[in-house]
>>> print(open('start16.tsv').read())   # TSV, C-alpha atoms and all ligand atoms
chain	number	residue	atom	x	y	z
A	273	ALA	CA	101.10	93.90	88.41
A	274	VAL	CA	98.82	91.86	86.13
A	275	PRO	CA	98.06	88.52	87.81
A	276	HIS	CA	99.22	85.57	85.78
A	277	GLY	CA	96.44	84.10	83.66
A	278	ALA	CA	94.08	87.04	84.10
A	279	ALA	CA	91.52	87.31	81.31
A	280	PRO	CA	92.43	89.94	78.68
A	281	GLU	CA	89.31	92.02	79.39
A	282	ARG	CA	90.34	92.08	83.05
A	283	GLN	CA	93.85	93.24	82.12
A	284	ALA	CA	92.46	96.00	79.94
A	285	ILE	CA	90.73	97.71	82.84
A	286	LEU	CA	93.71	97.62	85.20
A	287	PRO	CA	95.25	101.09	85.27
A	288	ALA	CA	98.60	101.34	83.50
A	289	PRO	CA	100.65	104.25	84.85
A	290	VAL	CA	102.29	106.30	82.12
A	291	LEU	CA	103.72	108.92	84.45
A	292	GLU	CA	104.34	108.70	88.19
A	293	MET	CA	105.76	111.62	90.16
A	294	LYS	CA	107.11	110.67	93.55
A	295	GLY	CA	108.29	113.22	96.07
A	296	VAL	CA	109.35	115.73	93.41
A	297	THR	CA	110.89	118.81	95.00
A	298	LYS	CA	112.27	121.94	93.37
A	299	THR	CA	113.70	124.99	95.05
A	300	TYR	CA	114.76	128.03	93.07
A	301	GLN	CA	117.68	130.10	94.33
A	302	ARG	CA	117.36	133.69	93.29
A	303	GLY	CA	120.24	136.10	93.57
A	304	GLY	CA	118.98	139.31	95.19
A	305	TRP	CA	120.40	142.82	95.54
A	306	PHE	CA	123.88	143.05	97.05
A	307	GLY	CA	124.19	139.29	97.24
A	308	ALA	CA	121.04	138.69	99.25
A	309	ARG	CA	119.60	135.32	98.37
A	310	ALA	CA	115.94	134.46	97.98
A	311	VAL	CA	114.90	130.83	98.14
A	312	VAL	CA	111.63	129.84	96.51
A	313	LYS	CA	110.21	126.44	97.35
A	314	ALA	CA	108.33	126.06	94.08
A	315	VAL	CA	107.39	122.37	94.34
A	316	HIS	CA	107.46	120.33	97.52
A	317	ALA	CA	107.21	116.51	97.68
A	318	ALA	CA	104.65	116.30	94.88
A	319	ASP	CA	103.15	112.90	94.07
A	320	PHE	CA	100.72	111.99	91.36
A	321	THR	CA	100.00	109.17	88.93
A	322	LEU	CA	98.76	109.56	85.40
A	323	ASN	CA	97.28	106.44	83.81
A	324	LYS	CA	97.11	105.53	80.15
A	325	GLY	CA	94.42	107.35	78.20
A	326	GLU	CA	93.57	109.59	81.12
A	327	THR	CA	93.63	113.39	81.41
A	328	LEU	CA	94.85	114.66	84.76
A	329	GLY	CA	94.21	118.31	85.55
A	330	LEU	CA	96.81	120.12	87.61
A	331	VAL	CA	95.01	123.13	89.09
A	332	GLY	CA	95.86	125.87	91.56
A	333	GLU	CA	96.45	129.59	91.70
A	334	SER	CA	99.19	131.33	89.79
A	335	GLY	CA	102.52	130.69	91.52
A	336	SER	CA	101.44	127.39	93.09
A	337	GLY	CA	104.13	125.46	91.19
A	338	LYS	CA	102.13	123.84	88.37
A	339	SER	CA	104.46	124.84	85.53
A	340	THR	CA	107.57	123.99	87.53
A	341	LEU	CA	106.25	120.50	88.25
A	342	ALA	CA	105.30	119.92	84.60
A	343	ARG	CA	108.61	121.26	83.35
A	344	CYS	CA	110.47	118.74	85.52
A	345	VAL	CA	109.02	115.98	83.31
A	346	VAL	CA	110.57	117.39	80.13
A	347	ARG	CA	113.82	118.51	81.75
A	348	LEU	CA	113.22	122.21	81.42
A	349	VAL	CA	113.57	122.21	85.20
A	350	GLU	CA	115.90	119.99	87.21
A	351	PRO	CA	114.33	118.95	90.53
A	352	GLU	CA	116.66	118.31	93.45
A	353	ARG	CA	114.65	115.37	94.78
A	354	GLY	CA	112.10	112.81	93.69
A	355	GLU	CA	111.39	110.22	91.05
A	356	ILE	CA	109.83	110.84	87.64
A	357	LEU	CA	108.74	107.45	86.35
A	358	PHE	CA	107.69	107.12	82.71
A	359	HIS	CA	106.31	103.64	82.09
A	360	GLY	CA	108.14	102.69	85.28
A	361	ALA	CA	111.59	104.00	84.27
A	362	ASP	CA	113.06	106.91	86.25
A	363	LEU	CA	113.84	109.76	83.83
A	364	ARG	CA	115.73	111.84	86.35
A	365	PRO	CA	119.11	110.07	86.42
A	366	LEU	CA	119.25	109.77	82.61
A	367	SER	CA	122.16	111.34	80.75
A	368	ARG	CA	121.42	113.73	77.91
A	369	GLN	CA	121.95	110.82	75.53
A	370	GLY	CA	119.70	108.53	77.57
A	371	TRP	CA	116.96	111.15	77.54
A	372	LEU	CA	116.85	111.53	73.74
A	373	PRO	CA	114.39	108.70	72.98
A	374	TYR	CA	111.97	110.16	75.55
A	375	ARG	CA	112.06	113.62	74.04
A	376	LYS	CA	109.89	112.39	71.21
A	377	ARG	CA	107.50	110.44	73.44
A	378	ILE	CA	106.64	113.35	75.74
A	379	GLN	CA	105.50	116.57	74.07
A	380	MET	CA	104.51	119.85	75.63
A	381	VAL	CA	102.33	122.73	74.48
A	382	PHE	CA	102.39	126.11	76.17
A	383	GLN	CA	100.09	129.03	76.89
A	384	ASP	CA	101.86	131.09	74.25
A	385	PRO	CA	102.36	129.02	71.09
A	386	TYR	CA	105.24	131.34	70.20
A	387	ALA	CA	107.13	129.44	72.88
A	388	SER	CA	107.35	126.55	70.44
A	389	LEU	CA	106.76	128.23	67.07
A	390	ASN	CA	109.66	130.02	65.42
A	391	PRO	CA	108.19	133.13	63.73
A	392	ARG	CA	110.67	132.77	60.85
A	393	ARG	CA	109.64	129.24	59.95
A	394	SER	CA	106.61	128.26	57.91
A	395	VAL	CA	103.90	126.24	59.60
A	396	GLY	CA	104.79	123.30	57.36
A	397	ARG	CA	108.36	123.39	58.55
A	398	ALA	CA	107.28	123.78	62.19
A	399	ILE	CA	105.17	120.64	61.97
A	400	THR	CA	107.61	118.51	59.95
A	401	GLU	CA	110.99	119.43	61.46
A	402	GLY	CA	110.64	117.32	64.63
A	403	PRO	CA	109.69	114.10	62.86
A	404	VAL	CA	112.36	114.66	60.16
A	405	THR	CA	115.01	115.16	62.86
A	406	HIS	CA	113.88	111.85	64.34
A	407	GLY	CA	114.32	110.04	61.04
A	408	VAL	CA	110.89	110.26	59.39
A	409	PRO	CA	111.32	110.66	55.59
A	410	PRO	CA	110.39	114.23	54.54
A	411	ALA	CA	107.56	113.11	52.23
A	412	GLU	CA	106.00	111.08	55.00
A	413	ALA	CA	106.43	113.94	57.50
A	414	ARG	CA	104.66	116.23	55.03
A	415	ALA	CA	101.79	113.79	54.55
A	416	ARG	CA	101.47	113.52	58.33
A	417	ALA	CA	101.50	117.33	58.65
A	418	LEU	CA	98.68	117.70	56.12
A	419	GLU	CA	96.64	115.11	57.98
A	420	LEU	CA	97.26	116.91	61.27
A	421	LEU	CA	96.25	120.26	59.78
A	422	ARG	CA	92.96	118.64	58.81
A	423	LEU	CA	92.64	117.25	62.32
A	424	VAL	CA	93.06	120.71	63.88
A	425	ARG	CA	90.72	122.14	61.23
A	426	LEU	CA	93.17	124.28	59.31
A	427	ASP	CA	93.44	124.57	55.56
A	428	GLU	CA	96.31	122.92	53.68
A	429	SER	CA	97.46	126.37	52.58
A	430	ALA	CA	98.64	126.91	56.17
A	431	MET	CA	101.73	124.84	55.30
A	432	GLU	CA	103.31	127.71	53.38
A	433	ARG	CA	102.23	130.46	55.78
A	434	PHE	CA	103.87	131.84	58.94
A	435	PRO	CA	102.70	131.83	62.57
A	436	HIS	CA	101.99	135.59	62.70
A	437	GLU	CA	99.43	135.22	59.91
A	438	PHE	CA	97.13	133.30	62.24
A	439	SER	CA	94.85	134.20	65.15
A	440	GLY	CA	95.69	133.11	68.70
A	441	GLY	CA	93.31	130.16	68.56
A	442	GLN	CA	94.66	129.02	65.19
A	443	ARG	CA	98.23	129.37	66.46
A	444	GLN	CA	97.41	127.22	69.45
A	445	ARG	CA	96.02	124.59	67.03
A	446	ILE	CA	99.25	124.78	65.00
A	447	GLY	CA	101.25	124.27	68.21
A	448	LEU	CA	99.08	121.25	68.93
A	449	ALA	CA	99.64	119.83	65.42
A	450	ARG	CA	103.37	120.35	65.88
A	451	ALA	CA	103.34	118.41	69.17
A	452	LEU	CA	101.12	115.65	67.77
A	453	ALA	CA	103.39	115.23	64.73
A	454	MET	CA	105.84	113.47	67.06
A	455	GLN	CA	103.10	110.94	67.89
A	456	PRO	CA	103.70	111.40	71.63
A	457	GLU	CA	102.47	108.99	74.27
A	458	LEU	CA	102.10	111.82	76.74
A	459	LEU	CA	101.03	115.38	76.02
A	460	ILE	CA	101.63	118.07	78.62
A	461	ALA	CA	99.49	121.16	78.04
A	462	ASP	CA	100.45	124.14	80.22
A	463	GLU	CA	97.55	126.63	80.25
A	464	PRO	CA	96.90	125.97	76.54
A	465	VAL	CA	93.74	128.07	76.38
A	466	SER	CA	94.40	130.71	79.03
A	467	ALA	CA	95.46	133.37	76.55
A	468	LEU	CA	92.38	132.89	74.36
A	469	ASP	CA	88.94	134.52	74.36
A	470	VAL	CA	86.31	132.42	76.09
A	471	SER	CA	84.54	131.47	72.83
A	472	VAL	CA	87.84	130.42	71.25
A	473	GLN	CA	88.76	128.54	74.45
A	474	ALA	CA	85.67	126.39	74.01
A	475	GLN	CA	86.59	125.56	70.40
A	476	VAL	CA	90.14	124.58	71.28
A	477	LEU	CA	88.97	122.51	74.27
A	478	ASP	CA	86.39	120.67	72.16
A	479	LEU	CA	89.04	119.95	69.58
A	480	LEU	CA	91.48	118.75	72.23
A	481	ALA	CA	88.83	116.45	73.72
A	482	GLU	CA	88.07	115.01	70.28
A	483	ILE	CA	91.74	114.45	69.43
A	484	ARG	CA	92.45	112.89	72.79
A	485	GLN	CA	89.60	110.45	72.26
A	486	ARG	CA	90.65	109.63	68.72
A	487	LEU	CA	94.35	109.13	69.44
A	488	GLY	CA	93.91	107.67	72.92
A	489	LEU	CA	96.27	110.35	74.27
A	490	THR	CA	97.39	110.53	77.85
A	491	MET	CA	97.41	114.15	78.96
A	492	LEU	CA	98.62	116.31	81.82
A	493	PHE	CA	96.50	119.42	81.56
A	494	ILE	CA	97.52	122.49	83.55
A	495	THR	CA	95.15	125.33	84.23
A	496	HIS	CA	94.32	127.90	86.91
A	497	ASP	CA	90.74	127.90	85.58
A	498	LEU	CA	88.59	125.32	87.35
A	499	ARG	CA	85.84	125.58	84.77
A	500	VAL	CA	88.26	124.65	82.03
A	501	ALA	CA	89.57	121.76	84.15
A	502	ALA	CA	86.03	120.51	84.78
A	503	GLN	CA	85.38	120.42	81.04
A	504	ILE	CA	88.31	118.28	80.01
A	505	CYS	CA	89.87	116.40	82.93
A	506	ASP	CA	89.08	112.90	84.21
A	507	ARG	CA	90.96	113.46	87.44
A	508	ILE	CA	92.14	116.56	89.28
A	509	ALA	CA	95.20	117.30	91.41
A	510	VAL	CA	95.02	120.54	93.38
A	511	MET	CA	98.29	122.39	94.08
A	512	GLN	CA	98.86	124.95	96.80
A	513	HIS	CA	102.24	126.49	97.67
A	514	GLY	CA	104.09	123.76	95.76
A	515	ALA	CA	102.25	120.81	97.31
A	516	ILE	CA	99.45	118.67	95.96
A	517	VAL	CA	96.80	119.00	98.64
A	518	GLU	CA	94.04	116.89	97.11
A	519	GLN	CA	93.53	114.61	94.13
A	520	GLY	CA	90.79	112.39	92.79
A	521	PRO	CA	88.15	112.01	90.08
A	522	THR	CA	86.93	115.38	88.78
A	523	ALA	CA	83.35	114.86	89.99
A	524	GLU	CA	84.58	114.00	93.51
A	525	VAL	CA	87.13	116.80	93.86
A	526	PHE	CA	84.79	119.46	92.51
A	527	GLY	CA	81.55	117.94	93.84
A	528	ALA	CA	82.71	117.09	97.35
A	529	PRO	CA	86.07	118.80	97.99
A	530	LYS	CA	87.89	117.51	101.07
A	531	HIS	CA	90.63	120.12	101.44
A	532	PRO	CA	89.78	123.66	102.63
A	533	TYR	CA	91.93	125.13	99.86
A	534	THR	CA	89.94	123.26	97.19
A	535	ARG	CA	86.74	124.60	98.77
A	536	ALA	CA	88.14	128.13	98.79
A	537	LEU	CA	89.11	127.84	95.11
A	538	LEU	CA	85.63	126.62	94.19
A	539	ASP	CA	84.00	129.36	96.27
A	540	SER	CA	86.03	131.99	94.43
A	541	ILE	CA	84.38	131.15	91.09
A	542	PRO	CA	81.87	133.90	90.38
B	601	LIG	P1	102.37	128.28	88.34
B	601	LIG	O1	102.66	127.63	87.04
B	601	LIG	O2	101.45	127.49	89.21
B	601	LIG	O3	101.89	129.69	88.18
B	601	LIG	P2	105.26	128.34	88.71
B	601	LIG	O4	105.74	126.95	88.70
B	601	LIG	O5	105.42	129.15	87.49
B	601	LIG	O6	103.72	128.34	89.19
B	601	LIG	O7	105.97	129.11	89.90
B	601	LIG	C1	106.08	128.59	91.22
B	601	LIG	C2	106.97	129.50	92.05
B	601	LIG	O8	108.31	129.43	91.57
B	601	LIG	C3	106.58	130.97	91.98
B	601	LIG	O9	106.85	131.53	93.24
B	601	LIG	C4	107.52	131.54	90.95
B	601	LIG	O10	107.77	132.89	91.15
B	601	LIG	C5	108.77	130.70	91.15
B	601	LIG	N1	109.55	130.51	89.91
B	601	LIG	C6	109.09	129.95	88.77
B	601	LIG	N2	110.06	129.89	87.84
B	601	LIG	C7	111.18	130.42	88.41
B	601	LIG	C8	112.53	130.64	87.98
B	601	LIG	N3	112.92	130.26	86.76
B	601	LIG	N4	113.39	131.21	88.83
B	601	LIG	C9	113.00	131.57	90.07
B	601	LIG	N5	111.75	131.39	90.55
B	601	LIG	C10	110.83	130.83	89.74
B	602	MG	MG	102.28	128.32	85.09
>>> encode(input="start16.tsv", output="structure tokens")
Amino acid sequence: AVPHGAAPERQAILPAPVLEMKGVTKTYQRGGWFGARAVVKAVHAADFTLNKGETLGLVGESGSGKSTLARCVVRLVEPERGEILFHGADLRPLSRQGWLPYRKRIQMVFQDPYASLNPRRSVGRAITEGPVTHGVPPAEARARALELLRLVRLDESAMERFPHEFSGGQRQRIGLARALAMQPELLIADEPVSALDVSVQAQVLDLLAEIRQRLGLTMLFITHDLRVAAQICDRIAVMQHGAIVEQGPTAEVFGAPKHPYTRALLDSIP
């Protein structure tokens, strides 16, 4: 979309979509008692665009479909409709083999770091195993892990220790180091601070903001907490009952909400 002969500084400010969701729809079928079937429309025709270097906040109440939508990107959920474009290429029709190169480029961190940290594996192994699997020489993976531990403000001795020896906030930082070790182009964070005390939340958010700046990360940040979203997100997409009802720059969406649901969410903040 860059006009031929445009000056480089002009090109640099044109938004470059990293992730585009178009009409993504996911319905869960739940088997009920005695064969009764429940159908849950978790995500319905969701559209959003995430540009390079930007943090998009996906907000909405619990059950609104945020996790389902995010999980579609990394194939933890298979949507029945829609396009999931990563740098313009649709990920959805890819075979398992075709998906492999993308697995490294899109990393996800979860509310509970135990979702990605094996309690039986040392922190060093947790941070190095992904890169080593993808062909990084072990010595280099180790050097990268030590650098990442510094980045998330943990001591080198963490390498030999195990996840249960750390506090919740430290564990979340280890999960972050593990994801960053793959040098992802897109980081999806699903309620990464929701399980933490408010003071620890602030530390992890500050760290995340600093890392994002330093690495130029593109981030999809999911939270039900509007205050957290306001702290870290450049743009906001509001989800209600599986649909994105409003999106725009954080200051606009929170400062002058257009949709009644956004207004209700903002009014509910004590
Ligand atoms: P959020 O992350 O916003 O809390 P979710 O995406 O987890 O929302 O859930 C959206 C809806 O889909 C909810 O009604 C939830 O109960 C349902 N749901 C989520 N995961 C599953 C699943 N694996 N099987 C059946 N229903 C699910
Ligand atoms: Mg969720």
>>> closest_atom_pairs(input="start16.tsv", of="region 356-469 of chain A", to="region 296-302 of chain A", cutoff="12 Å", atoms="all atoms listed in the file", output="tab-separated table")
residue	atom	partner	partner_atom	distance
A:Ile356	CA	A:Val296	CA	7.6
A:Leu357	CA	A:Val296	CA	10.9
A:Asp362	CA	A:Val296	CA	12.0
A:Arg364	CA	A:Val296	CA	10.3
>>> closest_residue(input="start16.tsv", among="A:Leu538, A:Met431, A:Ile494, A:Leu372", to="ligand MG 602 (chain B)", atoms="only C-alpha atoms and all ligand atoms")
A:Ile494
>>> residues_near_ligand(input="start16.tsv", ligand="ligand LIG 601 (chain B)", cutoff="6 Å", atoms="only C-alpha atoms and all ligand atoms", output="PyMOL selection string")
chain A and resi 300+302+312+314+333-340
>>> write_last_selection(input="start16.tsv", atoms="C-alpha atoms", output="JSON list (two decimals), in the coordinates of the input")
[["chain", "number", "residue", "atom", "x", "y", "z"],
["A", 300, "TYR", "CA", 114.76, 128.03, 93.07],
["A", 302, "ARG", "CA", 117.36, 133.69, 93.29],
["A", 312, "VAL", "CA", 111.63, 129.84, 96.51],
["A", 314, "ALA", "CA", 108.33, 126.06, 94.08],
["A", 333, "GLU", "CA", 96.45, 129.59, 91.70],
["A", 334, "SER", "CA", 99.19, 131.33, 89.79],
["A", 335, "GLY", "CA", 102.52, 130.69, 91.52],
["A", 336, "SER", "CA", 101.44, 127.39, 93.09],
["A", 337, "GLY", "CA", 104.13, 125.46, 91.19],
["A", 338, "LYS", "CA", 102.13, 123.84, 88.37],
["A", 339, "SER", "CA", 104.46, 124.84, 85.53],
["A", 340, "THR", "CA", 107.57, 123.99, 87.53]]
>>> atom_distance(input="start16.tsv", atom1="CA of Ile399 (chain A)", atom2="CA of Ala411 (chain A)")
12.5 Å
>>> atom_distance(input="start16.tsv", atom1="CA of Glu419 (chain A)", atom2="CA of Ala502 (chain A)")
29.3 Å
>>> atom_distance(input="start16.tsv", atom1="CA of Glu292 (chain A)", atom2="CA of Asp497 (chain A)")
23.7 Å
>>> residues_around(input="start16.tsv", residues="Thr495 (chain A)", least_positions_apart="3", cutoff="7 Å", atoms="only C-alpha atoms", output="number ranges by chain")
A: 330-331, 462-463, 501
>>> closest_residue(input="start16.tsv", among="A:Leu328, A:Val476, A:Val404, A:Leu537", to="Pro521 (chain A)", atoms="only C-alpha atoms")
A:Leu328
>>> axis_aligned_box(input="start16.tsv", around="region 431-448 of chain A", padding_each_side="4 Å", output="JSON")
{"center_x": 98.6, "center_y": 128.4, "center_z": 61.4, "size_x": 18.6, "size_y": 22.3, "size_z": 24.1}
>>> closest_residue(input="start16.tsv", among="A:Gly303, A:Pro409, A:Gly447, A:Gly441", to="Asn390 (chain A)", atoms="all atoms listed in the file")
A:Gly447
>>> residues_around(input="start16.tsv", residues="Ile541 (chain A)", least_positions_apart="2", cutoff="12 Å", atoms="only C-alpha atoms", output="PyMOL selection string")
chain A and resi 496-500+526+534-539
>>> closest_residue(input="start16.tsv", among="A:Ile378, A:Ala342, A:Val517, A:Ala523", to="ligand MG 602 (chain B)", atoms="all atoms listed in the file")
A:Ala342
